[in-house]
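**Q** There's a structure below that I have some questions on.
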Amino acid sequence: MRAEATQAKPAIVLVHGAWADASSWNPVMSRLQNAGYTVYAPPNPLRGVQSDAQTIADFVNTIPGPVVLVGHSYGGFVITNAATLSHNVKALVYDDAYIPAKGETVSQLNSAQPGSCVTAAPSTFLNLVPYPGGPKGDVDAYLKYAPNGSYQGFEGCFANGVPPAQARLLAAGQRPLAVSATSEPSGAPASKTIPSWAIVGTADNVIPPAELLFMANRAGSHVVKVPAGHLSLLTRPGTVADTIIAAARAVG
């Protein structure tokens, strides 16, 4: 009976966002695995909304049975679009993530409400690095570590609430987002037809909490507020895991 119950549970696919990698999900992933779920955390290429979504959809389509698709930050754009390309996604979970409507972009949503730490002049908070094979003029964007004017630095902007030693490691190992991805419009939102949950960090400095709530309410998501910054998957992994499990149980 125990083996049958485990097989009946949806698989969970975790999609990281910009300036992070799949290891950022480790505290959440271990809790999900201990609860008996099969969990995957494939790499998100961070090259463009549609190409990233296709990459994740292709991965999801190899998984037999139902899937709960989870995205953090920019990963919200990816899962919103990937779920429309996958037949087996039964629930979406947004963790401090964008929940875009059709045609919206990352840049547009960042500036929709005041308070985002990533809307200053790019040279203020980004290191821009060319990469081979991309569109002409495109560059990779890395977050600067040190504060600069209104930019609070990596710790204050992206990793508030994370211990400083851990924040330094995250900054050193961050994966960049192609700048062109921030202006690529989202497609039709899967959240219109697939039930969704939204974890809202009430101290998020990247996506203002007011914008997180607006997007979640617009999508009709089940909202879970957590006293955390942008990286609640690291600072409040129990709440994040519990929300994902609630979504899995609701559709499983």
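Quick note on naming: the chains in the structure tokens go A, B, ... in the order shown, residues restart at 1 in each chain, and ligands are numbered from 1 in order of appearance.
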Tell me which protein, DNA and RNA residues are within 9 Å of stretch 61-63 of chain A, counting only C-alpha atoms, leaving out same-chain ones fewer than 4 positions away, and put them as a ChimeraX atom specification.
**A** /A:11,56-57,67,85-88
**Q** Report as a PyMOL selection string all protein, DNA and RNA residues lying within 8 Å of A:Pro42, evaluated on only C-alpha atoms, omitting residues in the same chain fewer than 3 positions from it.
**A** chain A and resi 13-15+22+56+59
**Q** Once you count only C-alpha atoms, what closest atom pair and distance in Å to one decimal does each residue of stretch 67-102 of chain A within 10 Å of stretch 106-118 of chain A have, with rows by chain and rising residue number, as a Markdown table?
**A**
```
| residue | atom | partner | partner_atom | distance |
| --- | --- | --- | --- | --- |
| A:Ser73 | CA | A:Val106 | CA | 9.8 |
| A:Tyr74 | CA | A:Val106 | CA | 7.6 |
| A:Phe77 | CA | A:Val106 | CA | 8.1 |
| A:Tyr98 | CA | A:Leu109 | CA | 7.7 |
| A:Ile99 | CA | A:Leu109 | CA | 9.3 |
| A:Pro100 | CA | A:Leu109 | CA | 7.9 |
| A:Ala101 | CA | A:Leu109 | CA | 9.9 |
```
**Q** Could you give me, as an NGL selection string, the residues within 8 Å of A:Val226, counting only C-alpha atoms and dropping anything in the same chain fewer than 2 positions from it?
**A** :A and (199-202 or 224 or 228 or 232 or 236 or 239)
**Q** My list of candidates is A:Val49, A:Val179, A:Ala91, A:Ala165. Which is closest to A:Leu126 when distances are computed with only C-alpha atoms?
**A** A:Val179
**Q** Where in stretch 10-252 of chain A does DSSP assign alpha helix (DSSP H), given as a VMD selection string?
**A** chain A and resid 26 to 34 49 to 60 75 to 82 106 to 110 122 to 125 153 to 157 164 to 172 209 to 219 232 to 235 237 to 251
**Q** Using atom CA of A:Ala120 and atom CA of A:Pro209 as the two end points, give the distance in Å to one decimal.
**A**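 About the pair atom CA of A:Ala120 and atom CA of A:Pro209: they are 18.1 Å apart.
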**Q** Please run DSSP on the backbone and report, as a PyMOL selection string, all residues within stretch 61-239 of chain A that come out as strand (DSSP E or B).
**A** chain A and resi 67-72+89-95+126-130+139-143+148+151+177-178+196-201+222-226
**Q** Show which residues sit within 10 Å of A:Arg175, as a PyMOL selection string. Count only C-alpha atoms, and ignore same-chain residues fewer than 2 positions away.
**A** chain A and resi 17-21+44-46+140-143+170-173+177-178
**Q** Would you save the residues from that selection as a PDB file, in the first residue's frame, using N, CA, C and O atoms?
**A**
```
ATOM      1  N   GLY A  17      15.118  30.513 -10.931  1.00  0.00           N
ATOM      2  CA  GLY A  17      15.057  31.763 -11.663  1.00  0.00           C
ATOM      3  C   GLY A  17      16.429  32.294 -12.006  1.00  0.00           C
ATOM      4  O   GLY A  17      17.424  31.565 -12.016  1.00  0.00           O
ATOM      5  N   ALA A  18      16.489  33.583 -12.303  1.00  0.00           N
ATOM      6  CA  ALA A  18      17.752  34.238 -12.637  1.00  0.00           C
ATOM      7  C   ALA A  18      18.621  34.379 -11.396  1.00  0.00           C
ATOM      8  O   ALA A  18      18.131  34.449 -10.275  1.00  0.00           O
ATOM      9  N   TRP A  19      19.931  34.408 -11.630  1.00  0.00           N
ATOM     10  CA  TRP A  19      20.939  34.614 -10.590  1.00  0.00           C
ATOM     11  C   TRP A  19      20.931  33.499  -9.544  1.00  0.00           C
ATOM     12  O   TRP A  19      21.331  33.691  -8.393  1.00  0.00           O
ATOM     13  N   ALA A  20      20.448  32.332  -9.954  1.00  0.00           N
ATOM     14  CA  ALA A  20      20.396  31.166  -9.072  1.00  0.00           C
ATOM     15  C   ALA A  20      20.624  29.926  -9.926  1.00  0.00           C
ATOM     16  O   ALA A  20      20.803  30.013 -11.145  1.00  0.00           O
ATOM     17  N   ASP A  21      20.637  28.766  -9.288  1.00  0.00           N
ATOM     18  CA  ASP A  21      20.666  27.510 -10.026  1.00  0.00           C
ATOM     19  C   ASP A  21      19.808  26.503  -9.281  1.00  0.00           C
ATOM     20  O   ASP A  21      19.155  26.838  -8.289  1.00  0.00           O
ATOM     21  N   ASN A  44      17.455  25.668 -15.750  1.00  0.00           N
ATOM     22  CA  ASN A  44      16.734  26.642 -16.560  1.00  0.00           C
ATOM     23  C   ASN A  44      17.783  27.414 -17.358  1.00  0.00           C
ATOM     24  O   ASN A  44      18.640  28.072 -16.770  1.00  0.00           O
ATOM     25  N   PRO A  45      17.756  27.369 -18.686  1.00  0.00           N
ATOM     26  CA  PRO A  45      18.839  27.986 -19.466  1.00  0.00           C
ATOM     27  C   PRO A  45      18.979  29.490 -19.289  1.00  0.00           C
ATOM     28  O   PRO A  45      20.051  30.047 -19.511  1.00  0.00           O
ATOM     29  N   LEU A  46      17.881  30.194 -18.958  1.00  0.00           N
ATOM     30  CA  LEU A  46      17.919  31.651 -18.746  1.00  0.00           C
ATOM     31  C   LEU A  46      18.322  32.403 -20.001  1.00  0.00           C
ATOM     32  O   LEU A  46      19.042  33.401 -19.951  1.00  0.00           O
ATOM     33  N   ASP A 140      24.821  38.853 -21.108  1.00  0.00           N
ATOM     34  CA  ASP A 140      24.417  38.227 -19.860  1.00  0.00           C
ATOM     35  C   ASP A 140      24.469  39.249 -18.735  1.00  0.00           C
ATOM     36  O   ASP A 140      25.390  40.077 -18.679  1.00  0.00           O
ATOM     37  N   ALA A 141      23.496  39.177 -17.832  1.00  0.00           N
ATOM     38  CA  ALA A 141      23.428  40.115 -16.710  1.00  0.00           C
ATOM     39  C   ALA A 141      23.682  39.382 -15.403  1.00  0.00           C
ATOM     40  O   ALA A 141      22.964  38.438 -15.062  1.00  0.00           O
ATOM     41  N   TYR A 142      24.702  39.813 -14.683  1.00  0.00           N
ATOM     42  CA  TYR A 142      25.016  39.321 -13.346  1.00  0.00           C
ATOM     43  C   TYR A 142      24.739  40.439 -12.337  1.00  0.00           C
ATOM     44  O   TYR A 142      25.030  41.608 -12.603  1.00  0.00           O
ATOM     45  N   LEU A 143      24.201  40.086 -11.192  1.00  0.00           N
ATOM     46  CA  LEU A 143      24.003  41.088 -10.146  1.00  0.00           C
ATOM     47  C   LEU A 143      25.345  41.458  -9.514  1.00  0.00           C
ATOM     48  O   LEU A 143      26.140  40.589  -9.159  1.00  0.00           O
ATOM     49  N   LEU A 170      26.169  32.466  -2.843  1.00  0.00           N
ATOM     50  CA  LEU A 170      25.162  32.601  -3.891  1.00  0.00           C
ATOM     51  C   LEU A 170      25.613  33.603  -4.952  1.00  0.00           C
ATOM     52  O   LEU A 170      25.432  33.378  -6.159  1.00  0.00           O
ATOM     53  N   ALA A 171      26.183  34.710  -4.522  1.00  0.00           N
ATOM     54  CA  ALA A 171      26.648  35.727  -5.465  1.00  0.00           C
ATOM     55  C   ALA A 171      27.765  35.184  -6.344  1.00  0.00           C
ATOM     56  O   ALA A 171      27.799  35.442  -7.559  1.00  0.00           O
ATOM     57  N   ALA A 172      28.663  34.427  -5.760  1.00  0.00           N
ATOM     58  CA  ALA A 172      29.797  33.896  -6.518  1.00  0.00           C
ATOM     59  C   ALA A 172      29.347  32.881  -7.557  1.00  0.00           C
ATOM     60  O   ALA A 172      29.936  32.787  -8.643  1.00  0.00           O
ATOM     61  N   GLY A 173      28.296  32.117  -7.256  1.00  0.00           N
ATOM     62  CA  GLY A 173      27.854  31.060  -8.153  1.00  0.00           C
ATOM     63  C   GLY A 173      26.617  31.385  -8.954  1.00  0.00           C
ATOM     64  O   GLY A 173      26.025  30.484  -9.565  1.00  0.00           O
ATOM     65  N   LEU A 177      21.138  35.935 -16.423  1.00  0.00           N
ATOM     66  CA  LEU A 177      19.984  35.982 -17.313  1.00  0.00           C
ATOM     67  C   LEU A 177      20.346  36.823 -18.533  1.00  0.00           C
ATOM     68  O   LEU A 177      20.927  37.901 -18.393  1.00  0.00           O
ATOM     69  N   ALA A 178      20.028  36.319 -19.718  1.00  0.00           N
ATOM     70  CA  ALA A 178      20.225  37.128 -20.917  1.00  0.00           C
ATOM     71  C   ALA A 178      19.318  38.355 -20.848  1.00  0.00           C
ATOM     72  O   ALA A 178      18.126  38.241 -20.553  1.00  0.00           O
TER      73      ALA A 178
END
```
**Q** Find the residues around A:Ser183 up to 6 Å (only C-alpha atoms counted), leave out those fewer than 2 positions away in its own chain, and share them as a list in words.
**A** Thr105, Ser180 and Ala181 of chain A
**Q** Would you mind reading off the distance between atom CA of A:Thr182 and atom CA of A:Ser51, one decimal, in Å?
**A**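 The value is 13.1 Å.
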**Q** Looking at only C-alpha atoms, which of A:Pro189, A:Pro195, A:Gly36, A:Gly220 is the one that sits closest to A:Val68?
**A** A:Pro195
**Q** Can you work out which one of A:Ala219, A:Leu234, A:Ala146, A:Val139 has the shortest atom-to-atom distance to A:His16, counting only C-alpha atoms?
**A**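 Closest residue, counting only C-alpha atoms: A:Leu234.
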**Q** Using only C-alpha atoms, which residue out of A:His72, A:Lys90, A:Pro43, A:Arg249 lies closest to A:Val28?
**A**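 Under the stated criterion, the closest residue is A:His72.
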**Q** Select, from A:Ile245, A:Asp204, A:Pro176, A:Asp52, the residue with the minimum atom-to-atom distance to A:Val129, counting only C-alpha atoms.
**A**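 Closest to A:Val129 of all the choices is A:Pro176.
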**Q** Residues within 10 Å of A:Asn26, please, as a list in words. Count only C-alpha atoms; anything in the same chain fewer than 4 positions from it doesn't count.
**A**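 Surrounding residues, per the criterion: Ala22, Ser30, Arg31, Leu32, Ala41, Leu233, Leu234 and Pro237 of chain A.
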**Q** Restricted to N, CA, C and O atoms, what would the selected residues look like written as an mmCIF file, in the first residue's frame?
**A**
```cif
data_model
loop_
_atom_site.group_PDB
_atom_site.id
_atom_site.type_symbol
_atom_site.label_atom_id
_atom_site.label_comp_id
_atom_site.auth_asym_id
_atom_site.auth_seq_id
_atom_site.Cartn_x
_atom_site.Cartn_y
_atom_site.Cartn_z
ATOM 1 N N ALA A 22 19.791 25.263 -9.749
ATOM 2 C CA ALA A 22 18.886 24.272 -9.180
ATOM 3 C C ALA A 22 19.192 23.977 -7.714
ATOM 4 O O ALA A 22 18.292 23.565 -6.970
ATOM 5 N N SER A 30 14.667 18.487 -0.319
ATOM 6 C CA SER A 30 14.861 17.437 0.687
ATOM 7 C C SER A 30 13.584 17.192 1.474
ATOM 8 O O SER A 30 13.242 16.038 1.784
ATOM 9 N N ARG A 31 12.842 18.247 1.763
ATOM 10 C CA ARG A 31 11.566 18.082 2.483
ATOM 11 C C ARG A 31 10.544 17.347 1.627
ATOM 12 O O ARG A 31 9.800 16.495 2.122
ATOM 13 N N LEU A 32 10.503 17.662 0.350
ATOM 14 C CA LEU A 32 9.564 16.985 -0.540
ATOM 15 C C LEU A 32 9.920 15.510 -0.705
ATOM 16 O O LEU A 32 9.044 14.638 -0.713
ATOM 17 N N ALA A 41 14.759 18.913 -10.500
ATOM 18 C CA ALA A 41 15.115 20.338 -10.561
ATOM 19 C C ALA A 41 16.032 20.553 -11.760
ATOM 20 O O ALA A 41 17.233 20.748 -11.615
ATOM 21 N N LEU A 233 12.591 30.255 -0.657
ATOM 22 C CA LEU A 233 12.942 28.856 -0.848
ATOM 23 C C LEU A 233 14.161 28.456 -0.022
ATOM 24 O O LEU A 233 14.348 27.270 0.292
ATOM 25 N N LEU A 234 14.968 29.448 0.387
ATOM 26 C CA LEU A 234 16.109 29.193 1.267
ATOM 27 C C LEU A 234 15.827 29.549 2.719
ATOM 28 O O LEU A 234 16.293 28.874 3.630
ATOM 29 N N PRO A 237 12.002 27.342 3.805
ATOM 30 C CA PRO A 237 11.763 26.174 2.955
ATOM 31 C C PRO A 237 10.610 25.304 3.430
ATOM 32 O O PRO A 237 9.956 24.644 2.616
#
```
**Q** Identify, on the basis of only C-alpha atoms, every residue whose closest approach to A:Gln152 does not exceed 10 Å; exclude the query and any residue fewer than 5 positions from it along the same chain; express the result as JSON, numbers by chain.
**A** {"A": [117, 118, 125, 144, 145, 146, 147, 157, 158, 160, 205]}
**Q** Between A:Val223, A:Ala53, A:Ala8, A:Val93, which one has atoms that come closest to A:Leu69, using only C-alpha atoms?
**A**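 Closest residue, counting only C-alpha atoms: A:Val93.
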